[in-house]
$ cat my_file_7.txt   # compact mmCIF, C-alpha atoms
# COMPACT_ATOMS: atom_id res chain seq x y z
CA MET A 1 76.75 82.13 123.03
CA LYS A 2 73.47 82.68 121.21
CA HIS A 3 70.37 83.57 123.17
CA LYS A 4 66.89 82.38 122.34
CA ILE A 5 64.47 85.31 122.46
CA CYS A 6 60.74 85.60 121.90
CA PHE A 7 58.98 88.82 120.98
CA THR A 8 56.11 90.28 119.00
CA ILE A 9 57.02 92.01 115.76
CA ASN A 10 54.32 93.90 113.86
CA CYS A 11 51.64 91.81 115.64
CA GLU A 12 53.37 88.50 114.90
CA VAL A 13 55.07 86.37 117.56
CA LYS A 14 58.64 85.40 116.65
CA GLU A 15 61.20 83.22 118.32
CA ILE A 16 64.79 83.41 117.15
CA GLU A 17 68.35 82.92 118.35
CA VAL A 18 70.65 85.93 118.36
CA GLU A 19 74.23 86.71 119.26
CA PRO A 20 74.44 89.15 122.20
CA ASN A 21 76.52 91.64 120.22
CA LYS A 22 73.83 92.13 117.57
CA THR A 23 71.85 95.34 117.77
CA LEU A 24 68.08 95.37 117.35
CA LEU A 25 68.63 97.34 114.12
CA LYS A 26 70.85 94.61 112.65
CA MET A 27 68.44 91.88 113.70
CA LEU A 28 65.50 93.65 112.07
CA ARG A 29 67.36 94.22 108.81
CA GLU A 30 69.46 91.05 108.55
CA ASP A 31 67.40 88.33 110.24
CA LEU A 32 63.85 89.56 109.70
CA ASP A 33 64.36 91.36 106.40
CA LEU A 34 62.63 94.49 107.70
CA ILE A 35 64.73 96.93 105.73
CA GLY A 36 62.45 99.93 106.26
CA VAL A 37 64.47 100.64 109.39
CA LYS A 38 67.66 102.48 108.40
CA GLU A 39 71.10 103.01 109.86
CA GLY A 40 72.27 106.60 109.68
CA CYS A 41 74.78 107.45 112.38
CA GLY A 42 74.64 104.29 114.50
CA ALA A 43 75.05 106.45 117.60
CA GLY A 44 71.60 107.73 118.56
CA GLU A 45 71.93 111.12 116.86
CA CYS A 46 69.93 110.80 113.63
CA GLY A 47 66.84 108.70 114.42
CA ALA A 48 66.71 106.88 111.05
CA CYS A 49 66.59 103.60 113.00
CA THR A 50 63.59 104.62 115.16
CA VAL A 51 61.14 101.82 115.94
CA LEU A 52 58.58 101.45 118.73
CA VAL A 53 59.37 99.02 121.54
CA ASP A 54 56.42 98.57 123.89
CA ASN A 55 54.87 101.60 122.23
CA LYS A 56 57.86 103.89 122.88
CA PRO A 57 60.13 105.22 120.14
CA ILE A 58 63.75 104.19 120.61
CA ASN A 59 66.91 104.13 118.51
CA SER A 60 67.23 100.50 117.43
CA CYS A 61 70.98 101.02 116.85
CA LEU A 62 71.38 101.60 120.61
CA MET A 63 69.49 98.53 121.78
CA LEU A 64 70.76 94.97 121.76
CA ALA A 65 68.51 92.42 120.10
CA VAL A 66 68.61 90.24 123.24
CA GLU A 67 66.99 93.10 125.16
CA VAL A 68 63.69 92.79 123.25
CA ASP A 69 62.92 89.38 124.72
CA GLY A 70 59.26 89.50 125.80
CA LYS A 71 58.66 92.88 124.18
CA GLU A 72 56.47 94.21 121.42
CA ILE A 73 58.08 95.89 118.41
CA LEU A 74 56.45 97.99 115.73
CA THR A 75 58.35 98.99 112.59
CA ILE A 76 57.31 101.00 109.55
CA GLU A 77 56.31 97.71 107.85
CA GLY A 78 53.67 97.16 110.54
CA LEU A 79 51.84 100.45 110.05
CA SER A 80 49.90 99.67 106.91
CA ASP A 81 47.34 96.85 106.91
CA GLY A 82 48.53 95.74 103.48
CA ILE A 83 45.88 97.70 101.62
CA ASN A 84 45.57 101.05 103.33
CA LEU A 85 48.44 103.17 104.52
CA ASP A 86 48.48 104.58 108.05
CA SER A 87 47.03 108.11 108.18
CA ILE A 88 50.48 109.50 109.01
CA GLN A 89 51.92 107.87 105.88
CA GLU A 90 49.03 109.27 103.83
CA SER A 91 49.69 112.69 105.28
CA PHE A 92 53.43 112.51 104.44
CA LEU A 93 52.48 111.72 100.83
CA LYS A 94 49.89 114.48 100.66
CA HIS A 95 52.29 117.11 102.01
CA ASN A 96 55.28 115.90 99.98
CA ALA A 97 57.10 115.51 103.28
CA ILE A 98 59.66 113.26 101.62
CA GLN A 99 62.71 114.02 99.56
CA CYS A 100 65.27 111.21 99.45
CA GLY A 101 63.19 109.14 101.88
CA TYR A 102 66.03 107.80 104.01
CA CYS A 103 64.84 109.50 107.21
CA THR A 104 61.15 108.92 106.49
CA PRO A 105 60.54 105.57 108.28
CA GLY A 106 62.12 106.99 111.44
CA MET A 107 60.19 110.26 111.12
CA VAL A 108 56.91 108.40 110.68
CA MET A 109 57.56 106.13 113.67
CA SER A 110 58.42 109.10 115.92
CA ALA A 111 55.26 110.84 114.70
CA LYS A 112 53.22 107.68 115.32
CA ALA A 113 54.45 107.49 118.90
CA LEU A 114 53.73 111.19 119.42
CA LEU A 115 50.12 110.91 118.21
CA ASN A 116 49.62 107.78 120.33
CA ARG A 117 50.61 109.63 123.50
CA ASN A 118 49.33 113.05 122.51
CA PRO A 119 46.60 113.01 119.83
CA HIS A 120 46.41 116.83 119.71
CA PRO A 121 50.00 118.10 119.65
CA THR A 122 51.02 121.71 119.14
CA GLU A 123 53.65 122.62 116.58
CA GLU A 124 56.17 122.81 119.45
CA ASP A 125 55.21 119.29 120.60
CA VAL A 126 55.80 117.98 117.08
CA LYS A 127 59.19 119.69 116.86
CA GLU A 128 60.22 118.31 120.24
CA ALA A 129 59.10 114.78 119.31
CA LEU A 130 60.94 114.90 115.97
CA ALA A 131 64.08 116.64 117.25
CA GLY A 132 65.85 113.26 117.32
CA ASN A 133 65.13 112.61 113.65
CA LEU A 134 67.45 114.35 111.23
CA CYS A 135 66.54 115.08 107.63
CA ARG A 136 69.56 116.12 105.57
CA CYS A 137 67.41 117.22 102.65
CA THR A 138 66.12 119.87 105.12
CA GLY A 139 62.47 119.17 104.63
CA TYR A 140 61.30 119.82 108.19
CA LYS A 141 58.54 122.31 107.38
CA ARG A 142 56.54 119.82 105.30
CA ILE A 143 57.16 117.03 107.79
CA VAL A 144 55.84 119.11 110.69
CA ASP A 145 52.83 120.14 108.57
CA ALA A 146 52.16 116.49 107.68
CA VAL A 147 52.18 115.40 111.32
CA LEU A 148 49.92 118.29 112.42
CA ASP A 149 47.52 117.49 109.59
CA ALA A 150 47.49 113.77 110.45
CA ALA A 151 46.70 114.74 114.06
CA LYS A 152 43.81 116.92 112.90
CA LYS A 153 42.41 113.94 111.03
CA GLY A 154 42.69 111.68 114.07
CA GLY A 155 46.03 110.09 113.16
CA GLY A 156 46.51 109.05 116.77
CA LYS A 157 43.70 106.51 116.24
CA MET B 158 80.62 94.93 117.14
CA ARG B 159 83.08 92.91 119.23
CA LYS B 160 81.74 89.72 120.84
CA PHE B 161 80.71 89.55 124.50
CA GLU B 162 78.57 87.45 126.79
CA TYR B 163 75.20 88.83 127.88
CA LEU B 164 74.08 88.29 131.45
CA LYS B 165 70.78 89.38 132.97
CA PRO B 166 70.75 88.87 136.74
CA ASP B 167 67.45 89.43 138.54
CA SER B 168 68.82 90.31 141.96
CA ILE B 169 71.29 92.84 143.36
CA LYS B 170 73.19 90.05 145.11
CA GLU B 171 73.77 88.17 141.88
CA THR B 172 74.80 91.40 140.11
CA ILE B 173 77.45 92.17 142.75
CA SER B 174 78.76 88.64 142.55
CA ILE B 175 79.08 88.83 138.74
CA LEU B 176 80.74 92.25 138.90
CA SER B 177 83.12 91.13 141.64
CA GLN B 178 84.05 87.99 139.73
CA TYR B 179 84.70 89.63 136.35
CA GLY B 180 85.92 93.06 137.50
CA GLY B 181 87.02 95.25 134.60
CA LYS B 182 85.94 92.61 132.06
CA ALA B 183 82.29 93.32 132.89
CA GLN B 184 80.25 96.40 132.03
CA ILE B 185 76.80 97.26 133.31
CA LEU B 186 74.12 97.67 130.62
CA ASN B 187 71.40 100.05 131.76
CA GLY B 188 69.86 102.27 129.06
CA GLY B 189 72.78 101.42 126.79
CA THR B 190 72.93 104.82 125.09
CA ASP B 191 76.54 105.39 126.14
CA LEU B 192 77.65 101.75 126.43
CA ILE B 193 76.62 100.51 122.99
CA VAL B 194 78.22 103.49 121.22
CA GLY B 195 81.36 102.89 123.33
CA ILE B 196 81.52 99.21 122.36
CA ARG B 197 80.89 100.02 118.71
CA ASP B 198 83.69 102.60 118.71
CA LYS B 199 85.97 100.15 120.59
CA ILE B 200 86.41 102.60 123.47
CA ILE B 201 84.91 100.03 125.83
CA GLN B 202 85.72 96.36 125.26
CA PRO B 203 83.80 94.27 127.77
CA GLU B 204 83.80 90.47 127.79
CA TYR B 205 80.61 90.44 129.82
CA VAL B 206 77.68 92.83 129.51
CA VAL B 207 75.48 92.78 132.60
CA ASP B 208 71.92 93.96 131.98
CA ILE B 209 70.45 95.27 135.25
CA LYS B 210 66.93 95.94 133.96
CA ALA B 211 65.48 92.71 135.41
CA ILE B 212 66.14 93.81 138.99
CA PRO B 213 62.66 94.65 140.31
CA GLN B 214 63.52 97.35 142.88
CA PHE B 215 65.52 99.37 140.31
CA ASN B 216 62.62 100.71 138.24
CA LYS B 217 60.85 102.75 140.92
CA ILE B 218 60.31 106.43 141.69
CA ILE B 219 59.29 106.86 145.32
CA TYR B 220 58.44 110.17 146.97
CA SER B 221 57.53 111.15 150.51
CA GLU B 222 57.57 114.53 152.22
CA GLN B 223 59.73 113.09 154.94
CA ASP B 224 62.37 111.27 152.89
CA GLY B 225 62.28 113.16 149.62
CA LEU B 226 62.62 111.64 146.20
CA HIS B 227 64.10 108.24 145.47
CA ILE B 228 64.92 107.35 141.87
CA GLY B 229 65.93 103.76 141.08
CA ALA B 230 68.86 102.86 138.84
CA THR B 231 66.86 101.88 135.75
CA VAL B 232 64.30 104.73 135.76
CA THR B 233 64.56 106.48 132.39
CA LEU B 234 64.88 110.24 131.82
CA ASN B 235 61.44 110.33 130.18
CA GLU B 236 59.89 108.54 133.16
CA ILE B 237 61.39 111.24 135.39
CA SER B 238 60.32 114.23 133.31
CA ASP B 239 56.81 112.72 132.92
CA SER B 240 56.50 111.96 136.64
CA LYS B 241 53.93 114.15 138.41
CA VAL B 242 55.76 113.96 141.76
CA VAL B 243 59.00 115.08 140.15
CA GLN B 244 57.29 117.88 138.21
CA ARG B 245 55.55 119.09 141.37
CA ASN B 246 58.41 118.79 143.86
CA TYR B 247 61.63 119.02 141.85
CA PRO B 248 60.69 120.70 138.56
CA ILE B 249 64.32 121.70 137.93
CA LEU B 250 65.17 117.99 137.61
CA ALA B 251 62.20 117.20 135.35
CA GLU B 252 63.25 120.03 133.03
CA ALA B 253 66.96 119.14 133.03
CA CYS B 254 66.15 115.52 132.11
CA LYS B 255 64.30 116.83 129.06
CA THR B 256 67.44 118.57 127.78
CA VAL B 257 69.37 115.30 127.35
CA GLY B 258 69.61 113.91 123.81
CA SER B 259 66.45 113.16 121.86
CA TYR B 260 63.06 111.79 122.90
CA GLN B 261 64.18 108.34 121.67
CA VAL B 262 67.38 108.52 123.71
CA ARG B 263 65.46 109.63 126.81
CA ASN B 264 63.21 106.57 126.52
CA ARG B 265 66.29 104.46 127.20
CA ALA B 266 68.83 106.67 129.00
CA THR B 267 68.61 106.74 132.79
CA LEU B 268 69.45 109.31 135.48
CA VAL B 269 71.77 106.88 137.25
CA GLY B 270 73.44 106.02 133.93
CA ASN B 271 73.95 109.71 133.15
CA ILE B 272 75.63 110.17 136.52
CA CYS B 273 77.75 106.98 136.35
CA ASN B 274 78.95 107.89 132.86
CA ALA B 275 80.37 110.97 134.61
CA SER B 276 80.63 113.22 131.60
CA PRO B 277 81.62 116.76 132.66
CA ALA B 278 78.67 117.94 130.51
CA ALA B 279 76.02 115.61 132.02
CA ASP B 280 72.84 117.71 132.05
CA THR B 281 71.41 116.02 135.12
CA ALA B 282 74.51 116.63 137.23
CA PRO B 283 74.20 120.40 137.98
CA PRO B 284 70.57 120.05 139.22
CA LEU B 285 71.52 117.05 141.38
CA LEU B 286 74.45 119.03 142.80
CA VAL B 287 72.33 122.02 143.84
CA LEU B 288 69.65 119.68 145.23
CA GLU B 289 72.42 117.95 147.25
CA ALA B 290 71.43 114.51 146.04
CA LYS B 291 72.84 111.36 147.62
CA VAL B 292 74.11 108.43 145.58
CA ASN B 293 73.17 105.04 147.06
CA ILE B 294 75.84 102.45 146.33
CA ILE B 295 75.99 98.74 147.09
CA GLY B 296 78.99 96.45 146.73
CA PRO B 297 80.74 93.40 148.11
CA THR B 298 81.41 95.17 151.42
CA GLY B 299 77.88 96.48 151.90
CA GLU B 300 75.94 99.67 151.30
CA LYS B 301 77.14 103.26 151.40
CA ILE B 302 75.74 106.67 150.67
CA VAL B 303 77.92 109.22 148.89
CA PRO B 304 77.02 112.90 148.41
CA ILE B 305 76.79 113.63 144.68
CA ASN B 306 79.48 116.26 145.18
CA GLU B 307 81.99 113.51 146.00
CA PHE B 308 80.84 111.05 143.33
CA PHE B 309 82.66 112.46 140.30
CA THR B 310 86.43 112.02 140.34
CA GLY B 311 87.48 113.07 136.82
CA VAL B 312 86.47 113.13 133.18
CA LYS B 313 84.24 110.04 132.79
CA LYS B 314 85.46 108.80 136.17
CA ASN B 315 83.49 108.14 139.33
CA ILE B 316 84.08 106.87 142.82
CA LEU B 317 82.74 103.32 142.19
CA LYS B 318 85.11 100.45 143.02
CA LYS B 319 85.20 96.90 141.68
CA GLY B 320 81.91 95.08 142.25
CA GLU B 321 80.03 98.24 143.25
CA ILE B 322 76.83 99.47 141.66
CA VAL B 323 74.62 102.54 142.12
CA THR B 324 71.17 101.34 143.19
CA SER B 325 69.41 104.71 143.32
CA ILE B 326 69.67 108.44 143.84
CA THR B 327 67.97 110.19 146.74
CA ILE B 328 67.08 113.87 146.69
CA PRO B 329 66.46 115.14 150.19
CA PRO B 330 63.24 117.03 150.95
CA ILE B 331 63.45 120.82 150.93
CA LYS B 332 61.42 122.25 153.78
CA ASP B 333 61.56 125.92 152.84
CA LYS B 334 60.07 127.51 149.81
CA TRP B 335 62.57 127.45 146.96
CA THR B 336 63.03 128.18 143.32
CA GLY B 337 65.41 126.60 140.86
CA VAL B 338 66.47 126.82 137.28
CA TYR B 339 68.72 124.90 134.87
CA LEU B 340 70.04 126.94 131.96
CA LYS B 341 71.72 125.08 129.16
CA GLN B 342 73.69 126.65 126.38
CA GLY B 343 74.07 124.39 123.38
CA ARG B 344 74.86 124.87 119.73
CA ARG B 345 71.29 123.98 118.82
CA LYS B 346 67.99 123.59 120.64
CA ASP B 347 67.83 119.81 120.97
CA VAL B 348 70.06 116.76 120.78
CA ASP B 349 73.28 118.47 121.76
CA LEU B 350 75.67 118.29 124.66
CA ALA B 351 75.89 121.35 126.88
CA THR B 352 78.51 123.93 125.97
CA VAL B 353 77.84 125.25 129.48
CA GLY B 354 75.11 124.17 131.89
CA VAL B 355 74.19 126.16 135.02
CA ALA B 356 71.83 125.13 137.80
CA VAL B 357 70.87 127.56 140.57
CA VAL B 358 68.47 127.12 143.45
CA CYS B 359 67.45 129.77 145.94
CA MET B 360 66.03 129.07 149.39
CA ARG B 361 65.69 131.72 152.11
CA ASP B 362 69.03 133.57 152.06
CA GLU B 363 70.91 130.68 150.50
CA ILE B 364 71.81 130.42 146.83
CA ARG B 365 73.39 127.25 145.46
CA ILE B 366 75.19 127.19 142.11
CA ALA B 367 76.44 124.23 140.09
CA LEU B 368 77.92 124.04 136.61
CA GLY B 369 78.49 121.48 133.90
CA ALA B 370 80.98 121.35 131.00
CA VAL B 371 83.30 123.90 132.66
CA ALA B 372 85.76 121.59 134.46
CA PRO B 373 86.86 117.91 134.47
CA THR B 374 83.77 117.13 136.54
CA PRO B 375 80.44 118.88 137.13
CA ILE B 376 81.07 121.26 140.05
CA ARG B 377 79.45 123.29 142.85
CA ALA B 378 80.60 126.92 143.03
CA PHE B 379 80.92 127.03 146.83
CA LYS B 380 83.04 130.22 147.02
CA THR B 381 80.54 132.19 144.97
CA GLU B 382 77.66 130.83 147.03
CA GLU B 383 79.43 132.10 150.16
CA LEU B 384 79.91 135.52 148.52
CA LEU B 385 76.17 135.78 147.87
CA LYS B 386 74.96 134.44 151.19
CA GLY B 387 72.44 136.72 152.90
CA LYS B 388 73.18 139.62 150.54
CA ILE B 389 70.76 141.69 148.55
CA ILE B 390 71.22 140.95 144.87
CA ASN B 391 72.10 143.98 142.77
CA GLU B 392 73.98 144.62 139.57
CA SER B 393 77.40 145.04 141.19
CA LEU B 394 77.03 141.89 143.30
CA LEU B 395 75.95 139.93 140.21
CA GLU B 396 79.04 141.22 138.44
CA LYS B 397 81.22 140.04 141.34
CA ALA B 398 79.43 136.65 141.35
CA GLY B 399 80.18 136.20 137.64
CA GLU B 400 83.87 137.00 138.20
CA SER B 401 83.99 134.79 141.30
CA VAL B 402 82.57 131.77 139.45
CA LEU B 403 85.35 132.11 136.89
CA THR B 404 87.92 131.50 139.67
CA GLU B 405 86.19 128.19 140.48
CA VAL B 406 86.00 126.70 136.99
CA LEU B 407 88.56 125.27 134.58
CA PRO B 408 87.04 125.48 131.11
CA ILE B 409 88.80 124.07 128.08
CA SER B 410 88.53 124.64 124.33
CA ASP B 411 86.95 121.73 122.51
CA ILE B 412 84.75 120.88 119.54
CA ARG B 413 81.78 122.74 121.06
CA SER B 414 83.37 125.97 122.16
CA SER B 415 86.54 127.87 122.87
CA LYS B 416 87.67 128.40 126.45
CA GLU B 417 87.14 132.16 126.09
CA TYR B 418 83.58 131.78 124.82
CA ARG B 419 82.80 129.39 127.67
CA GLU B 420 84.09 131.96 130.19
CA GLU B 421 81.75 134.63 128.80
CA ILE B 422 78.78 132.25 128.73
CA ILE B 423 79.47 131.09 132.30
CA LYS B 424 79.25 134.70 133.55
CA VAL B 425 76.10 135.40 131.57
CA LEU B 426 74.30 132.21 132.58
CA VAL B 427 75.21 132.47 136.25
CA LYS B 428 73.92 136.05 136.45
CA ARG B 429 70.79 135.18 134.48
CA ALA B 430 70.06 132.12 136.61
CA ILE B 431 70.44 134.05 139.87
CA LEU B 432 68.10 136.78 138.62
CA GLN B 433 65.56 134.16 137.56
CA VAL B 434 65.48 132.28 140.84
CA LYS B 435 65.30 135.56 142.78
CA LYS B 436 62.39 136.72 140.67
CA GLY B 437 60.70 133.32 140.88
CA GLY B 438 59.66 133.57 144.53
CA GLY B 439 57.64 130.85 146.19
CA VAL B 440 57.79 127.40 144.73
CA VAL B 441 56.76 128.48 141.28
CA TYR B 442 59.25 127.20 138.80
CA GLU B 443 59.78 128.87 135.49
CA ALA B 444 61.11 126.49 132.92
CA GLN B 445 63.49 128.37 130.75
CA ASN B 446 66.14 127.03 128.49
CA MET B 447 68.57 129.31 126.81
CA PHE B 448 68.77 128.00 123.31
CA TYR B 449 69.29 129.64 119.98
CA HIS B 450 68.51 127.79 116.79
CA LYS B 451 65.08 126.34 116.54
CA LEU B 452 64.33 123.33 114.40
$ encode --input "my_file_7.txt" --output "structure tokens"
Amino acid sequence: MKHKICFTINCEVKEIEVEPNKTLLKMLREDLDLIGVKEGCGAGECGACTVLVDNKPINSCLMLAVEVDGKEILTIEGLSDGINLDSIQESFLKHNAIQCGYCTPGMVMSAKALLNRNPHPTEEDVKEALAGNLCRCTGYKRIVDAVLDAAKKGGGK
Amino acid sequence: MRKFEYLKPDSIKETISILSQYGGKAQILNGGTDLIVGIRDKIIQPEYVVDIKAIPQFNKIIYSEQDGLHIGATVTLNEISDSKVVQRNYPILAEACKTVGSYQVRNRATLVGNICNASPAADTAPPLLVLEAKVNIIGPTGEKIVPINEFFTGVKKNILKKGEIVTSITIPPIKDKWTGVYLKQGRRKDVDLATVGVAVVCMRDEIRIALGAVAPTPIRAFKTEELLKGKIINESLLEKAGESVLTEVLPISDIRSSKEYREEIIKVLVKRAILQVKKGGGVVYEAQNMFYHKL
């Protein structure tokens, strides 16, 4: 049986019907065409599917779509205002913190959540916050630098 | 993913009635970090998934000096490690919660879920064992309180019967000054299951020891505790304690470690944890994880 759910996605209210066995990740990609969110492991190990639900980073592969009823979701598509990139995105570009790019949306969303809750993180804080985001091109150094630099420039708003 | 019905009761009564009606066909959905992977991998095949996050009394952390700490079923690991009352009164638990999975996982995973999943390697189990936590259960026949030590019955098995649900975990108050530590050995610093986990608390002349990932269930090392009781800790006693713990565990070889390596690590961690809690003194807690690779 499909369930009717209502939620806010990137500042827009949406009402859709979903099957209970659909994950949030699948709903974002298949029903809402938000393909910035990626599936890596599908088991909560890699963090490529990280989005913010009620301001907290979660693995969207481990959440059912029906569970977001009444909640607020932010994905990588919601960071830029259409003209300007978010300061974390700018910082990733500046530091070349991207190789293949598959992990990047998840990395950026984890970093966004970190700077929201802790605008002045230490290097250790950044590493802890990003520990659930794997990069198989092994580009961690530049990613950590990018997040610290974004923080310095007030990336946490 | 296989099809199932999704139910979201908003009372305990309704939850028990659903669980009693559907029995093994129903699975509780709490944080979902174990359940959804299980369904995806076809290890768990529920016809009904019962989301308990709408039950109002489940999302609370309550503390009083008299009754101790009360953690509701749907409280997440991050809510526990961020909680000031937990940090102040049971820092060993706040720290152990932080060693589970990733930050994203800890935003969803719960303490009660970690315990009900009953993995031998559950990071929250050894601290709860040494703190002598109580598991509050409700079911068709009423409420009961089970000591955490009796809750685990085997690998991924617990004492819960049809229709029963864990409503909360209570950690009794500790009147004396005490120190505690949870040492986790993993293959990497974060996002790994414990190869061996050791929790030790020290109060007056009593030392309590619990271990994870060394037997079919997380365990208390009662014999070794008895050996140490009231004694002055020195090198030879620590040596004996390490050997004694080995007679209480049943480690296996698996993907994370060989049996022999586990045995060595158990001895090392137990000795190290005892030394740390003895040095700690007072209620000052020293957070220390034993990890190797850094990100």
$ closest_residue --input "my_file_7.txt" --among "B:Gln261, B:Asn216, B:Ser401, B:Gln178" --to "chain A" --atoms "all atoms listed in the file"
B:Gln261
$ atom_distance --input "my_file_7.txt" --atom1 "atom CA of B:Asp224" --atom2 "atom CA of B:Lys332"
11.1 Å
$ interface_residues --input "my_file_7.txt" --of "chain A" --to "chain B" --cutoff "6 Å" --atoms "all atoms listed in the file" --output "ChimeraX atom specification"
/A:20-21,43,57-59,62,132
$ residues_around --input "my_file_7.txt" --residues "B:Val434" --least-positions-apart "3" --cutoff "8 Å" --atoms "all atoms listed in the file" --output "PyMOL selection string"
chain B and resi 336-338+357-359+430-431+437-438
$ write_last_selection --input "my_file_7.txt" --atoms "C-alpha atoms" --output "compact mmCIF listing (two decimals), keeping the file's coordinate frame"
# COMPACT_ATOMS: atom_id res chain seq x y z
CA THR B 336 63.03 128.18 143.32
CA GLY B 337 65.41 126.60 140.86
CA VAL B 338 66.47 126.82 137.28
CA VAL B 357 70.87 127.56 140.57
CA VAL B 358 68.47 127.12 143.45
CA CYS B 359 67.45 129.77 145.94
CA ALA B 430 70.06 132.12 136.61
CA ILE B 431 70.44 134.05 139.87
CA GLY B 437 60.70 133.32 140.88
CA GLY B 438 59.66 133.57 144.53
$ atom_distance --input "my_file_7.txt" --atom1 "atom CA of B:Ala356" --atom2 "atom CA of B:Ala290"
13.4 Å
$ decode --input "my_file_7.txt" --residues "stretch 361-374 of chain B" --atoms "N, CA and C atoms" --output "short mmCIF file (atom, residue, chain, number, x, y, z; two decimals), in the first residue's frame"
data_model
loop_
_atom_site.label_atom_id
_atom_site.label_comp_id
_atom_site.auth_asym_id
_atom_site.auth_seq_id
_atom_site.Cartn_x
_atom_site.Cartn_y
_atom_site.Cartn_z
N ARG B 361 35.53 2.35 44.78
CA ARG B 361 36.11 1.85 46.04
C ARG B 361 37.04 0.67 45.74
N ASP B 362 36.79 -0.50 46.34
CA ASP B 362 37.70 -1.63 46.09
C ASP B 362 37.16 -2.56 45.02
N GLU B 363 36.11 -2.10 44.32
CA GLU B 363 35.49 -2.97 43.33
C GLU B 363 35.90 -2.56 41.91
N ILE B 364 36.27 -3.58 41.12
CA ILE B 364 36.54 -3.33 39.71
C ILE B 364 35.59 -4.20 38.90
N ARG B 365 34.90 -3.58 37.95
CA ARG B 365 34.01 -4.37 37.07
C ARG B 365 34.58 -4.36 35.65
N ILE B 366 34.51 -5.53 35.02
CA ILE B 366 35.09 -5.69 33.67
C ILE B 366 34.04 -6.31 32.73
N ALA B 367 33.89 -5.73 31.57
CA ALA B 367 33.01 -6.34 30.56
C ALA B 367 33.69 -6.26 29.20
N LEU B 368 33.37 -7.23 28.35
CA LEU B 368 34.03 -7.30 27.04
C LEU B 368 33.03 -7.53 25.91
N GLY B 369 33.38 -7.00 24.76
CA GLY B 369 32.60 -7.23 23.55
C GLY B 369 33.45 -7.88 22.48
N ALA B 370 32.78 -8.62 21.58
CA ALA B 370 33.42 -9.28 20.43
C ALA B 370 34.39 -10.40 20.82
N VAL B 371 34.18 -10.98 22.01
CA VAL B 371 35.08 -12.05 22.46
C VAL B 371 34.33 -13.35 22.78
N ALA B 372 33.01 -13.35 22.57
CA ALA B 372 32.16 -14.49 22.91
C ALA B 372 30.85 -14.33 22.14
N PRO B 373 29.96 -15.33 22.19
CA PRO B 373 28.69 -15.19 21.45
C PRO B 373 27.85 -13.99 21.89
N THR B 374 28.03 -13.55 23.13
CA THR B 374 27.35 -12.35 23.59
C THR B 374 28.38 -11.43 24.27
#
